[in-house]
Amino acid sequence: MQTKIVGALRQALIEEMEADRSVVLIGQDIGVFGGAYRVTEGLLEMFGEERVRDAPISEAAIIGAAVGAAMTGLRPVVEIQFNDFIACGMDQLCNQAAKIRFMMGGQVSVPLVLRAPYGATGRAAQHSQSLEAWFMHTPGLKVVMPSTPYDAKGLLKSAIHDGNPVVFLEHKLLYGGASPGGKAKTAVDGLGAAYRPAPDEEYRVPLGLAEVKREGTDVTVVATGLMVHKALAAAAALEPEGISVEVLDPRTLAPLDRTAILRSVTRTGRAVVASEDVSTCGFGSEVAALLADQAIFFLQSPVKRVCVPDTPIPFAPALEREVIPQVEDIIAAVREVMEASA
Amino acid sequence: MMNIQEALGLYRTMVRIRVFEEKLFFLFSTRAMPGSMHQYDGQEAVAAGVCARLAPEDYVSSTHRGHGHCIAKGADLKAVMAEMFAKSTGCCRGMGGSMHIADFSIGMLGANGIVAGGIPLAVGAAWSAQYQRNGRVAVAFFGDGAANEGVFHESLNLAAVWRLPVLFVCENNQYGFSTHYRRVTAVEDIAVRAAAYAMPGQVVDGMDAEAVYEAAGQAVARARRGEGPSLLECKTYRFRGHSRFEPGRYRKPEELEHWKERDPLASWRRRLAGQWRVPEEELAALEAAAAQEIEEAVAFSESSPEPQPGDHLRYIYAN
């Protein structure tokens, strides 16, 4: 059993590499060092240099080579050290990986997984972003964001089996292991049963399927990644006030399980969206648009977004905390939608 | 030294490309075709000479100027022509067009609308071939403009470090759109950049099919032996403008004339008739067959159905 996401992801890679020789890993510092966040620790020793390839600091060539390899029989799993660095390989991801099957009229498929850590942990504006909306905005890509060890293992296995490029975003504070430099920066202590462990047996979590992480009747909080746990904490804090919060975790952002969101919100009549990306054209915007389009007559109050305002992430810890959504921000948003419909 | 069959094969490939491009020019002029296109006339010796060294299962990545590579690699001309017409019988089902022309069944990884975008794809295909030990090689075709993109340098370095079976073929046709390469490139010969990545680099006369054929033969053999990548810079010239919407007036007429005197088809035809004593009737028959093949491809395309509304939705995701 894996009780941390770092171990659950490693377990998924081991299982898939043992099952299929075409699964290969490529990334910076994933072999000798074991990965900046330790996900690939020990895999070089287990599978050898041919399958666990330390790459030069060349994001465009790494992603592009993985696309070419995926077109010709391999199933590469790329690790980009921080999701911010995907910008250096954006053409290869968004113009090549996402579109080449389409442009070729379906002659090829691109079974490629691109894993990358995201989220703010005190590293300033170029190592702290949550860029899921960039990838959601690119048809041809799938986007996954797990919140528990159980989901992380099951989703990564599904992503490796998928015939499409999948961007797999992992929140640094949810790994549960040490961060670069060995400092244990983690938010997983005290999450309790919500941080559901990954069992050793074979299972997959299908892409495109949301999960209700907590049932409730008054308001739906659609939350992604680390925000799932902040939303659960907010729900627990609001329970004594008699506010019943449902927490819905989409788990896959593209394709988005719109049916599950509509099912929940048409029942509760109120919605808050909690994500760690910036506001404009963000994940929350898409959910709010969906609700405006298809659930407006079920809504008892306006949809509220809890996300980062349109700003780069500042270095100063107090300012980072100010812009990153906190439990109290979700609580405030829930109260606001409750009061608006009182 | 090549034999007569190889020499005739090179000529046949070059003629098929030339006739295809001339027909396209006419069809675009009469507005029978949608979109735009980037034509390959003048550079035929490069695609013909390199691809003659490849097996059908070897890989090729290409550029926005990709018709020649596709034809030289062995794509079905009917399917290629139908793609130009955006028909549902096109090799890309009307989803790609000129700029994304591709036939994966003969190892073509696609023409590419992003300058240098196809280079790492060939590196990845070579990585795949090396890992699967299937003996295949990959070729990345790109222009002089692409040699100033970052991913060109990243790709050469990665291929060299991993000793991948890949051949980098720079077609230096002198211009990136309107800009002469000397105005924007720090070196006279792009081939010298190979030294920075510890691989052989060679300047080749890209108007001479035999020179390309010989250089590519050595580089492909080296790759197949597991000795790693090479960079060939083929000095060449495009006879038309950058794309269909501009005729190339930034080039002096005498410059164009100078290069047209070195037309790779005309010079190769003279050598076939002289050195190899191929009868005029045989050359004429070969040319007539190519013209006939193109006419049949056009007829096939014109009679092919358009894509249906919503067809594009079938190709976004696999499964």
# chains A, B, ... in the order shown; residues from 1 in each chain; ligands from 1
>>> residues_around(residues="A:Trp134", least_positions_apart="6", cutoff="12 Å", atoms="only C-alpha atoms", output="ChimeraX atom specification")
/A:83-84,86-87,90,93-94,141-143,167,253-254,277-278,280-283
>>> interface_residues(of="chain B", to="chain A", cutoff="8 Å", atoms="only C-alpha atoms", output="NGL selection string")
:B and (91-96 or 100-104 or 109-110 or 114 or 117 or 120-128 or 131 or 151 or 154-155 or 158 or 312 or 314-319)
>>> write_last_selection(atoms="C-alpha atoms", output="compact mmCIF listing (two decimals), in the first residue's frame")
# COMPACT_ATOMS: atom_id res chain seq x y z
CA CYS B 91 -3.73 11.17 -47.11
CA CYS B 92 -4.71 13.37 -44.15
CA ARG B 93 -8.46 13.23 -44.86
CA GLY B 94 -8.47 16.93 -45.62
CA MET B 95 -7.32 17.85 -42.10
CA GLY B 96 -3.74 18.80 -42.93
CA HIS B 100 0.95 18.96 -42.99
CA ILE B 101 1.18 16.53 -45.86
CA ALA B 102 1.99 13.09 -44.47
CA ASP B 103 1.79 9.42 -45.27
CA PHE B 104 2.71 7.46 -42.17
CA LEU B 109 6.13 11.83 -39.82
CA GLY B 110 4.59 14.82 -41.47
CA ILE B 114 6.37 25.27 -37.36
CA GLY B 117 9.18 21.74 -35.32
CA PRO B 120 12.96 16.58 -32.61
CA LEU B 121 10.24 14.31 -34.00
CA ALA B 122 12.88 12.61 -36.16
CA VAL B 123 15.16 12.41 -33.12
CA GLY B 124 12.36 10.68 -31.25
CA ALA B 125 11.74 8.25 -34.09
CA ALA B 126 15.46 7.46 -34.08
CA TRP B 127 15.33 6.96 -30.30
CA SER B 128 12.45 4.55 -30.87
CA TYR B 131 15.45 1.18 -28.43
CA VAL B 151 15.18 23.27 -30.86
CA GLU B 154 18.73 20.96 -28.58
CA SER B 155 17.96 18.16 -31.02
CA LEU B 158 20.44 15.09 -27.70
CA HIS B 312 -12.71 16.82 -37.96
CA ARG B 314 -13.02 12.09 -35.50
CA TYR B 315 -9.33 12.95 -35.42
CA ILE B 316 -8.81 15.05 -32.29
CA TYR B 317 -8.37 12.10 -29.93
CA ALA B 318 -7.51 8.43 -30.41
CA ASN B 319 -10.21 5.92 -29.40
>>> closest_residue(among="B:Lys78, B:Arg270, B:Lys73, B:Arg182", to="B:Ala138", atoms="only C-alpha atoms")
B:Lys73
>>> atom_distance(atom1="atom CA of A:Leu256", atom2="atom CA of A:Leu209")
7.7 Å
>>> closest_residue(among="B:Pro200, B:Gly9, B:Gly206, B:Gly135", to="B:Ala219", atoms="only C-alpha atoms")
B:Pro200
